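The structure file upload.cif is reproduced below (mmCIF, C-alpha atoms).
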data_final
loop_
_atom_site.label_atom_id
_atom_site.label_comp_id
_atom_site.auth_asym_id
_atom_site.auth_seq_id
_atom_site.Cartn_x
_atom_site.Cartn_y
_atom_site.Cartn_z
CA MET A 1 40.31 -29.68 -6.86
CA SER A 2 38.48 -27.03 -4.85
CA SER A 3 38.24 -23.59 -6.36
CA ILE A 4 39.68 -20.87 -4.15
CA VAL A 5 38.12 -17.46 -3.72
CA ILE A 6 40.15 -14.90 -1.79
CA ARG A 7 38.24 -11.93 -0.43
CA SER A 8 40.73 -9.47 1.00
CA PHE A 9 39.75 -5.88 1.53
CA ALA A 10 41.18 -2.99 3.53
CA GLU A 11 40.22 -3.18 7.19
CA ASN A 12 37.31 -1.14 8.51
CA ARG A 13 38.43 -0.78 12.09
CA SER A 14 38.59 1.80 14.83
CA LEU A 15 41.77 3.92 14.84
CA TYR A 16 42.33 2.99 18.45
CA ALA A 17 43.86 -0.29 19.59
CA PRO A 18 41.67 -2.51 21.76
CA ALA A 19 42.35 -3.02 25.43
CA ALA A 20 44.33 -6.09 26.43
CA GLY A 21 42.31 -9.26 25.85
CA GLU A 22 39.67 -7.51 23.74
CA ARG A 23 39.04 -7.95 20.04
CA ARG A 24 38.59 -5.17 17.55
CA VAL A 25 35.02 -4.47 16.51
CA ASP A 26 34.25 -3.23 13.02
CA ALA A 27 33.93 0.57 13.09
CA ASP A 28 30.40 0.62 11.66
CA MET A 29 29.31 -2.07 14.09
CA ALA A 30 30.91 -0.21 17.00
CA HIS A 31 28.85 2.88 16.24
CA LEU A 32 25.57 0.96 16.24
CA LEU A 33 26.57 -1.00 19.33
CA SER A 34 27.24 2.27 21.15
CA LEU A 35 23.73 3.42 20.25
CA LEU A 36 22.33 0.12 21.50
CA GLU A 37 24.21 0.45 24.78
CA LYS A 38 22.68 3.90 25.31
CA MET A 39 19.28 2.21 25.15
CA GLU A 40 20.40 0.15 28.19
CA PRO A 41 19.64 -3.42 27.12
CA LYS A 42 19.74 -6.07 29.81
CA ARG A 43 21.22 -9.54 29.49
CA VAL A 44 18.49 -11.71 28.01
CA GLU A 45 19.36 -14.73 30.15
CA THR A 46 18.53 -12.72 33.31
CA LEU A 47 15.03 -11.79 32.13
CA SER A 48 11.61 -13.30 31.83
CA VAL A 49 10.40 -14.00 28.29
CA VAL A 50 8.06 -11.01 28.42
CA GLU A 51 10.91 -8.75 29.50
CA ALA A 52 13.25 -10.18 26.86
CA ARG A 53 10.76 -9.49 24.09
CA ALA A 54 10.61 -5.83 25.19
CA GLN A 55 14.37 -5.30 25.04
CA PRO A 56 15.90 -2.75 22.61
CA THR A 57 17.31 -4.25 19.42
CA MET A 58 19.94 -3.51 16.79
CA ALA A 59 17.12 -2.75 14.35
CA GLN A 60 15.89 -0.01 16.68
CA ALA A 61 19.42 1.36 16.99
CA LEU A 62 19.68 1.44 13.19
CA ARG A 63 16.42 3.37 12.84
CA ARG A 64 17.86 6.12 15.05
CA ILE A 65 20.44 7.07 12.42
CA LEU A 66 18.58 6.49 9.15
CA ARG A 67 17.59 9.63 7.28
CA ASP A 68 14.24 8.08 6.39
CA PRO A 69 13.37 5.05 8.54
CA GLN A 70 10.11 4.68 6.60
CA ASP A 71 11.83 4.33 3.19
CA ASP A 72 10.31 1.28 1.49
CA GLN A 73 13.36 0.75 -0.77
CA GLY A 74 11.07 0.64 -3.80
CA VAL A 75 9.50 -2.57 -2.52
CA ALA A 76 5.79 -3.03 -1.79
CA MET A 77 4.67 -5.17 1.16
CA GLU A 78 1.39 -6.87 1.97
CA PHE A 79 0.30 -8.93 4.97
CA ARG A 80 -0.80 -12.53 4.55
CA GLY A 81 -2.09 -15.28 6.81
CA ILE A 82 -0.91 -18.83 6.16
CA PRO A 83 -3.24 -21.54 7.52
CA GLY A 84 -1.16 -23.49 10.02
CA PRO A 85 -1.39 -26.38 12.46
CA ALA A 86 -2.48 -24.06 15.30
CA GLY A 87 -4.08 -21.15 13.47
CA ASP A 88 -2.86 -18.63 10.93
CA ILE A 89 0.88 -18.08 10.57
CA ARG A 90 1.62 -14.40 10.02
CA ALA A 91 3.56 -13.61 6.86
CA ARG A 92 4.54 -10.70 4.64
CA VAL A 93 4.97 -10.69 0.88
CA TYR A 94 7.56 -8.27 -0.52
CA THR A 95 7.34 -7.36 -4.21
CA PRO A 96 9.65 -4.95 -6.06
CA LYS A 97 7.61 -2.06 -7.48
CA ILE A 98 9.57 -2.32 -10.73
CA LEU A 99 10.30 -5.72 -12.24
CA VAL A 100 12.19 -6.22 -15.51
CA PRO A 101 9.66 -7.19 -18.23
CA GLY A 102 10.25 -10.63 -19.71
CA VAL A 103 12.61 -11.72 -16.94
CA ALA A 104 11.48 -14.59 -14.71
CA THR A 105 10.97 -13.56 -11.09
CA PRO A 106 12.51 -15.75 -8.37
CA LEU A 107 10.59 -16.71 -5.24
CA LEU A 108 12.36 -16.60 -1.88
CA LEU A 109 11.23 -17.67 1.58
CA TYR A 110 12.84 -15.68 4.41
CA VAL A 111 12.84 -17.06 7.98
CA HIS A 112 13.78 -14.61 10.73
CA GLY A 113 15.84 -15.32 13.83
CA GLY A 114 15.35 -14.80 17.54
CA GLY A 115 16.42 -18.08 19.13
CA PHE A 116 12.97 -19.66 18.67
CA VAL A 117 11.75 -17.22 21.36
CA LEU A 118 12.23 -13.61 20.21
CA GLY A 119 11.93 -11.79 16.89
CA ASP A 120 9.01 -10.93 14.67
CA LEU A 121 8.19 -9.70 11.19
CA ASP A 122 8.58 -6.03 12.16
CA GLU A 123 12.12 -6.46 13.46
CA ALA A 124 12.97 -8.60 10.43
CA ASP A 125 11.66 -6.16 7.83
CA THR A 126 14.99 -4.91 6.47
CA ALA A 127 16.57 -8.13 5.19
CA PRO A 128 13.62 -9.49 3.15
CA ARG A 129 12.95 -6.02 1.75
CA MET A 130 16.54 -5.58 0.59
CA LEU A 131 16.70 -9.13 -0.78
CA ALA A 132 13.57 -8.43 -2.83
CA LYS A 133 15.15 -5.25 -4.16
CA ARG A 134 18.58 -6.71 -4.94
CA LEU A 135 17.28 -9.95 -6.45
CA GLY A 136 14.23 -8.58 -8.21
CA ALA A 137 12.40 -11.38 -6.40
CA ILE A 138 9.14 -12.02 -4.61
CA VAL A 139 10.05 -12.60 -0.96
CA VAL A 140 7.74 -14.25 1.55
CA SER A 141 8.82 -13.53 5.12
CA THR A 142 7.16 -15.90 7.55
CA HIS A 143 6.71 -15.95 11.29
CA TYR A 144 6.35 -19.18 13.31
CA ARG A 145 5.15 -20.30 16.72
CA GLN A 146 7.64 -19.40 19.42
CA ALA A 147 8.70 -20.81 22.78
CA PRO A 148 7.96 -21.16 25.59
CA GLU A 149 4.31 -20.96 24.59
CA ASN A 150 5.01 -23.45 21.78
CA VAL A 151 7.94 -25.78 22.29
CA PHE A 152 9.92 -28.03 19.93
CA PRO A 153 9.06 -28.94 17.20
CA ALA A 154 6.28 -26.34 16.70
CA ALA A 155 8.46 -23.83 14.81
CA HIS A 156 9.76 -26.56 12.50
CA GLU A 157 6.22 -27.65 11.68
CA ASP A 158 5.18 -24.08 10.86
CA ILE A 159 8.06 -23.50 8.45
CA LEU A 160 7.28 -26.63 6.45
CA THR A 161 3.65 -25.46 6.33
CA ALA A 162 4.81 -22.06 5.09
CA TRP A 163 6.88 -23.74 2.37
CA ARG A 164 3.87 -25.70 1.17
CA TRP A 165 1.94 -22.42 1.00
CA VAL A 166 4.73 -20.78 -0.99
CA LEU A 167 4.72 -23.61 -3.51
CA GLU A 168 0.94 -23.48 -3.81
CA HIS A 169 0.63 -19.70 -4.15
CA GLY A 170 3.94 -18.69 -5.73
CA GLU A 171 2.65 -18.39 -9.28
CA SER A 172 -0.32 -16.27 -8.20
CA LEU A 173 2.17 -13.96 -6.48
CA GLY A 174 3.89 -13.48 -9.84
CA ALA A 175 6.94 -15.67 -9.27
CA ASN A 176 8.53 -18.51 -11.23
CA LEU A 177 8.44 -21.73 -9.21
CA SER A 178 11.55 -23.04 -10.94
CA LEU A 179 13.56 -20.22 -9.30
CA LEU A 180 13.28 -20.99 -5.59
CA ALA A 181 15.54 -20.01 -2.68
CA VAL A 182 15.40 -19.95 1.12
CA VAL A 183 17.22 -17.59 3.49
CA GLY A 184 17.28 -18.16 7.25
CA ASP A 185 18.85 -16.10 10.04
CA GLY A 186 19.84 -17.51 13.45
CA SER A 187 17.10 -19.91 14.53
CA GLY A 188 15.66 -19.26 11.08
CA GLY A 189 18.83 -20.79 9.66
CA ASN A 190 18.17 -23.98 11.56
CA LEU A 191 14.57 -23.98 10.37
CA ALA A 192 15.67 -23.36 6.78
CA VAL A 193 17.97 -26.42 6.74
CA ASN A 194 15.26 -28.60 8.25
CA LEU A 195 12.80 -27.25 5.71
CA CYS A 196 14.99 -28.44 2.83
CA LEU A 197 15.48 -31.87 4.40
CA ASP A 198 11.77 -32.25 5.20
CA ALA A 199 10.73 -31.04 1.73
CA LYS A 200 13.05 -33.58 0.11
CA ALA A 201 11.68 -36.37 2.30
CA ALA A 202 8.10 -35.37 1.50
CA GLY A 203 8.71 -35.19 -2.26
CA LEU A 204 8.18 -31.42 -2.38
CA ALA A 205 10.16 -29.00 -4.50
CA VAL A 206 13.50 -28.13 -2.89
CA PRO A 207 14.99 -24.63 -3.31
CA LYS A 208 17.90 -24.17 -5.68
CA HIS A 209 19.82 -22.18 -3.09
CA LEU A 210 19.99 -22.04 0.68
CA ALA A 211 21.48 -19.02 2.48
CA LEU A 212 22.18 -19.26 6.21
CA ILE A 213 23.02 -16.25 8.36
CA SER A 214 24.59 -17.19 11.73
CA PRO A 215 22.61 -20.45 11.85
CA MET A 216 21.85 -22.23 15.11
CA ALA A 217 23.34 -25.55 14.06
CA GLY A 218 24.12 -27.41 17.27
CA THR A 219 23.74 -27.56 21.04
CA ASP A 220 27.40 -27.99 22.03
CA PHE A 221 27.98 -24.93 24.20
CA GLY A 222 31.65 -25.80 24.70
CA LEU A 223 32.74 -24.68 21.23
CA SER A 224 35.40 -21.98 21.00
CA SER A 225 33.10 -19.20 19.83
CA HIS A 226 30.87 -19.74 22.87
CA ALA A 227 33.89 -19.30 25.16
CA GLU A 228 35.01 -16.21 23.24
CA ASN A 229 31.63 -14.45 23.32
CA ARG A 230 30.39 -14.70 26.89
CA THR A 231 29.72 -10.95 27.13
CA THR A 232 29.30 -9.96 23.47
CA LEU A 233 26.45 -7.71 22.35
CA PRO A 234 23.86 -8.21 20.98
CA LEU A 235 24.15 -12.00 21.55
CA ASN A 236 26.25 -13.85 24.11
CA SER A 237 26.70 -17.55 24.78
CA ALA A 238 24.48 -17.59 27.90
CA ALA A 239 21.61 -16.16 25.85
CA VAL A 240 21.94 -19.02 23.35
CA GLU A 241 21.62 -21.56 26.17
CA TRP A 242 18.62 -19.60 27.51
CA PHE A 243 16.93 -19.83 24.10
CA TYR A 244 17.35 -23.59 23.94
CA SER A 245 16.08 -23.94 27.51
CA LYS A 246 12.82 -22.34 26.38
CA TYR A 247 12.37 -24.24 23.11
CA ALA A 248 13.54 -27.74 24.05
CA ARG A 249 11.18 -29.80 26.20
CA ASP A 250 13.95 -31.84 27.77
CA ALA A 251 17.53 -33.05 27.35
CA LEU A 252 16.41 -35.53 24.71
CA ASP A 253 15.22 -32.68 22.48
CA LEU A 254 18.64 -31.07 22.73
CA LYS A 255 20.09 -34.19 21.12
CA SER A 256 17.57 -34.18 18.27
CA PRO A 257 19.09 -34.12 14.76
CA GLN A 258 16.71 -31.25 13.99
CA LEU A 259 18.63 -29.08 16.45
CA ASN A 260 22.06 -30.70 15.95
CA LEU A 261 22.47 -30.19 12.23
CA ILE A 262 26.24 -30.66 12.26
CA ASP A 263 25.84 -34.31 13.31
CA ARG A 264 23.24 -35.26 10.70
CA ALA A 265 24.11 -38.00 8.22
CA ASP A 266 21.49 -36.98 5.63
CA LEU A 267 22.80 -33.58 4.50
CA ASN A 268 23.64 -34.88 1.03
CA GLY A 269 21.33 -33.59 -1.65
CA LEU A 270 20.83 -30.19 -0.05
CA PRO A 271 21.00 -27.23 -2.44
CA ALA A 272 24.05 -25.04 -2.94
CA THR A 273 24.53 -23.16 0.32
CA THR A 274 25.90 -19.79 1.38
CA ILE A 275 26.82 -19.41 5.05
CA ILE A 276 27.43 -15.92 6.48
CA LEU A 277 29.15 -15.82 9.89
CA PRO A 278 30.11 -12.77 11.96
CA GLU A 279 33.36 -13.20 13.87
CA LEU A 280 32.03 -11.91 17.21
CA ASP A 281 29.15 -14.35 17.56
CA PRO A 282 28.78 -17.41 19.83
CA LEU A 283 27.21 -19.24 16.86
CA ARG A 284 30.30 -18.87 14.64
CA SER A 285 32.00 -22.19 15.44
CA GLU A 286 28.90 -24.31 14.81
CA GLY A 287 28.36 -22.43 11.54
CA GLU A 288 31.89 -23.36 10.50
CA GLN A 289 31.28 -26.98 11.51
CA LEU A 290 28.05 -27.02 9.52
CA ALA A 291 29.93 -25.79 6.46
CA GLN A 292 32.43 -28.62 6.83
CA ALA A 293 29.65 -31.19 7.36
CA LEU A 294 27.90 -29.99 4.21
CA ARG A 295 31.12 -30.24 2.21
CA ARG A 296 31.74 -33.78 3.43
CA SER A 297 28.22 -34.58 2.21
CA GLY A 298 29.03 -33.26 -1.26
CA VAL A 299 27.08 -29.99 -0.97
CA TRP A 300 28.51 -26.85 -2.59
CA VAL A 301 29.24 -24.34 0.18
CA ASP A 302 30.42 -20.73 0.22
CA CYS A 303 31.16 -19.91 3.87
CA THR A 304 32.53 -16.54 4.94
CA VAL A 305 33.46 -15.18 8.36
CA TYR A 306 33.10 -11.39 8.50
CA ASP A 307 35.86 -10.02 10.70
CA GLY A 308 34.78 -7.63 13.47
CA ALA A 309 31.05 -8.13 12.84
CA THR A 310 28.52 -9.30 15.43
CA HIS A 311 25.29 -11.26 15.43
CA GLN A 312 22.46 -9.46 13.56
CA PHE A 313 24.89 -7.54 11.33
CA PHE A 314 23.30 -8.87 8.12
CA ASN A 315 20.19 -6.79 8.84
CA LEU A 316 22.23 -3.57 9.07
CA ALA A 317 23.29 -3.12 5.44
CA GLN A 318 21.95 0.44 5.41
CA ALA A 319 24.78 1.47 7.75
CA VAL A 320 27.35 -1.36 7.98
CA ASN A 321 29.67 -1.89 5.03
CA LYS A 322 30.35 -5.52 5.79
CA ALA A 323 26.63 -6.22 5.80
CA MET A 324 26.48 -4.74 2.29
CA PHE A 325 29.23 -7.13 1.20
CA ALA A 326 27.39 -10.05 2.81
CA LEU A 327 24.13 -9.06 1.12
CA SER A 328 25.93 -8.92 -2.23
CA GLN A 329 27.47 -12.35 -1.59
CA VAL A 330 24.06 -13.88 -0.88
CA THR A 331 22.32 -12.27 -3.87
CA ARG A 332 25.17 -13.17 -6.22
CA ASN A 333 25.09 -16.83 -5.19
CA ILE A 334 21.31 -17.06 -5.36
CA ASN A 335 21.31 -15.49 -8.83
CA SER A 336 23.96 -17.94 -9.95
CA SER A 337 22.07 -20.95 -8.58
CA VAL A 338 18.83 -20.00 -10.32
CA GLY A 339 20.68 -19.33 -13.58
CA ARG A 340 20.27 -15.57 -13.74
CA THR A 341 23.97 -14.75 -14.21
CA ARG A 342 26.51 -15.75 -16.82
CA GLY A 343 29.29 -18.17 -16.06
CA LEU A 344 29.36 -21.27 -13.92
CA SER A 345 26.56 -22.08 -11.55
CA PRO A 346 27.63 -22.93 -7.99
CA LEU A 347 26.21 -26.38 -8.64
CA SER A 348 28.90 -26.99 -11.23
CA CYS A 349 31.75 -25.77 -9.00
CA GLN A 350 33.59 -27.13 -6.00
CA SER A 351 33.23 -25.65 -2.54
CA THR A 352 35.22 -22.58 -1.57
CA PRO A 353 37.13 -22.47 1.71
CA ILE A 354 35.98 -20.56 4.76
CA VAL A 355 37.49 -17.11 4.41
CA THR A 356 37.67 -14.06 6.63
CA VAL A 357 36.56 -10.75 5.18
CA ARG A 358 37.98 -7.37 6.10
CA THR A 359 35.96 -4.83 4.18
CA THR A 360 36.96 -1.52 2.73
CA CYS A 361 36.72 1.53 4.94
CA VAL A 362 34.33 3.79 3.07
CA GLN A 363 31.63 6.00 4.47
CA SER A 364 28.41 4.12 5.09
CA LEU A 365 25.36 5.22 3.15
CA LEU A 366 22.33 5.95 5.32
CA TRP A 367 19.74 4.85 2.77
#
Output the file's structure as structure tokens, nothing else.
Amino acid sequence: MSSIVIRSFAENRSLYAPAAGERRVDADMAHLLSLLEKMEPKRVETLSVVEARAQPTMAQALRRILRDPQDDQGVAMEFRGIPGPAGDIRARVYTPKILVPGVATPLLLYVHGGGFVLGDLDEADTAPRMLAKRLGAIVVSTHYRQAPENVFPAAHEDILTAWRWVLEHGESLGANLSLLAVVGDGSGGNLAVNLCLDAKAAGLAVPKHLALISPMAGTDFGLSSHAENRTTLPLNSAAVEWFYSKYARDALDLKSPQLNLIDRADLNGLPATTIILPELDPLRSEGEQLAQALRRSGVWVDCTVYDGATHQFFNLAQAVNKAMFALSQVTRNINSSVGRTRGLSPLSCQSTPIVTVRTTCVQSLLW
């Protein structure tokens, strides 16, 4: 019998009803989206790659309201270069300044998003820093070759290379190699799943937990969430198709099992998995389908849809309450998988159903 976890909180919504045909946006998200709109972003799918990479981001909107945008959260960071197939892969190592003596330190690989085209380590600084703080873990945040300069499967090759580096250097970084986890966001979610499958096939150590934030899990653009989010900020369905048009070499690539995770027959044996999905995101439906595919393969899955949240919300925990809940969900499940909490490990439980979260309406903390 599947265990059931019900997460029901008071809604955090605007006091005003939406216009006909519109959906309510979480109040915290709406504030940041209004700041982003004032920065006049253009639709990515109408731009050149150079123009798209220069567009304002949610991370930039967040920095406008933080009391101290330079706050390091009590986490030190150093730059590293990982030898890769086509030169050094840029990476950052995040280490909490205070670690509990005598307690083993987990090692986590973080893979940022950006549709295989956009995104970098600067824009992705918040999530790995906060994961390091909340988990008391060493976090390696890695970049990868991006399209269209480097097409499929260049990014996938780089992430497996980064994982080999993590396994080789983890102990020297001060981490325990028996406490491994991987977190991937967007395209990074796709890369994270492939990393686990490739590591298993190559006889490498596989992480004990996999956390996926809005993963790019398929190339079926006819799913319901694509139809529902044709104009949504900061990511719409046309932008997702634009990303794939840059990364895939041809139509055959779009059918590759590396890009169509939901159709893979070899998902069994993957680690316990947490999937975080914002409601207002064209990638939501494929994330839900991936959760179901993992369950059918016997993988423990905790999949949650966060009501009223949009793509990139997980990186906004300093101002968005639902992102704080999502961060707590990820850290709790990782801790449980690596045996750092009392009670049952996710590996000894059954999967929980996909649930929708409406978080409590409390004032956001601008950390």
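The closest residue to Trp163 in chain A, picked from A:Ala227, A:Met130, A:Leu252, A:Val206 and counting all atoms listed in the file, is A:Val206.
Here CA of Pro128 in chain A is placed at a distance of 12.6 Å from CA of Glu78 in chain A.
Of the listed residues (A:Val117, A:Ala127, A:Leu197, A:Leu167), A:Leu197 comes nearest to Pro257 in chain A; the distances count all atoms listed in the file.
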Quick one: distance from CA of Ile276 in chain A to CA of Ile213 in chain A in Å, one decimal?
-> 4.8 Å
Expansion of the PyMOL selection byres ((chain A and resi 182) around 8) into residues, as a ChimeraX atom specification = /A:108-111,180-181,183-184,192,207,209-211
Could you extract range 189-200 of chain A of the given structure into a file holding all heavy atoms, as a compact mmCIF listing (two decimals), in the first residue's frame?
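Done, and the output landed in result22.txt:
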# COMPACT_ATOMS: atom_id res chain seq x y z
N GLY A 189 17.85 19.01 -14.68
CA GLY A 189 17.12 17.84 -14.22
C GLY A 189 17.25 16.69 -15.19
O GLY A 189 17.43 15.53 -14.80
N ASN A 190 17.15 16.99 -16.47
CA ASN A 190 17.36 15.97 -17.49
C ASN A 190 18.77 15.40 -17.39
O ASN A 190 18.97 14.18 -17.41
CB ASN A 190 17.14 16.58 -18.88
CG ASN A 190 17.40 15.60 -20.01
OD1 ASN A 190 18.55 15.25 -20.29
ND2 ASN A 190 16.35 15.15 -20.66
N LEU A 191 19.75 16.28 -17.26
CA LEU A 191 21.14 15.84 -17.17
C LEU A 191 21.38 15.00 -15.93
O LEU A 191 22.15 14.04 -15.95
CB LEU A 191 22.06 17.06 -17.19
CG LEU A 191 22.04 17.88 -18.49
CD1 LEU A 191 22.78 19.20 -18.29
CD2 LEU A 191 22.64 17.10 -19.63
N ALA A 192 20.69 15.34 -14.83
CA ALA A 192 20.87 14.60 -13.58
C ALA A 192 20.36 13.17 -13.69
O ALA A 192 20.99 12.23 -13.20
CB ALA A 192 20.16 15.33 -12.43
N VAL A 193 19.19 12.99 -14.34
CA VAL A 193 18.66 11.63 -14.53
C VAL A 193 19.60 10.82 -15.41
O VAL A 193 19.93 9.66 -15.10
CB VAL A 193 17.25 11.68 -15.14
CG1 VAL A 193 16.77 10.26 -15.47
CG2 VAL A 193 16.27 12.35 -14.19
N ASN A 194 20.05 11.42 -16.51
CA ASN A 194 20.97 10.71 -17.39
C ASN A 194 22.28 10.38 -16.68
O ASN A 194 22.87 9.32 -16.92
CB ASN A 194 21.24 11.56 -18.64
CG ASN A 194 20.16 11.41 -19.69
OD1 ASN A 194 20.08 10.39 -20.38
ND2 ASN A 194 19.30 12.41 -19.80
N LEU A 195 22.73 11.29 -15.83
CA LEU A 195 23.94 11.02 -15.06
C LEU A 195 23.79 9.74 -14.24
O LEU A 195 24.69 8.88 -14.24
CB LEU A 195 24.23 12.20 -14.13
CG LEU A 195 25.14 11.93 -12.93
CD1 LEU A 195 26.53 11.55 -13.38
CD2 LEU A 195 25.19 13.14 -12.02
N CYS A 196 22.67 9.59 -13.55
CA CYS A 196 22.47 8.40 -12.71
C CYS A 196 22.43 7.14 -13.57
O CYS A 196 23.02 6.11 -13.20
CB CYS A 196 21.17 8.55 -11.92
SG CYS A 196 21.21 9.86 -10.66
N LEU A 197 21.74 7.21 -14.71
CA LEU A 197 21.66 6.04 -15.58
C LEU A 197 23.03 5.70 -16.17
O LEU A 197 23.42 4.52 -16.24
CB LEU A 197 20.66 6.31 -16.70
CG LEU A 197 19.20 6.45 -16.26
CD1 LEU A 197 18.34 6.98 -17.41
CD2 LEU A 197 18.64 5.12 -15.77
N ASP A 198 23.77 6.72 -16.59
CA ASP A 198 25.09 6.49 -17.17
C ASP A 198 26.08 5.99 -16.12
O ASP A 198 26.93 5.12 -16.41
CB ASP A 198 25.62 7.78 -17.81
CG ASP A 198 24.82 8.19 -19.04
OD1 ASP A 198 24.08 7.35 -19.57
OD2 ASP A 198 24.92 9.37 -19.44
N ALA A 199 25.99 6.54 -14.91
CA ALA A 199 26.89 6.09 -13.83
C ALA A 199 26.62 4.62 -13.50
O ALA A 199 27.56 3.83 -13.33
CB ALA A 199 26.69 6.96 -12.59
N LYS A 200 25.34 4.24 -13.46
CA LYS A 200 25.00 2.84 -13.18
C LYS A 200 25.54 1.93 -14.27
O LYS A 200 26.12 0.87 -13.99
CB LYS A 200 23.48 2.70 -13.05
CG LYS A 200 23.03 1.30 -12.66
CD LYS A 200 21.52 1.24 -12.45
CE LYS A 200 20.78 1.36 -13.75
NZ LYS A 200 19.34 0.99 -13.62
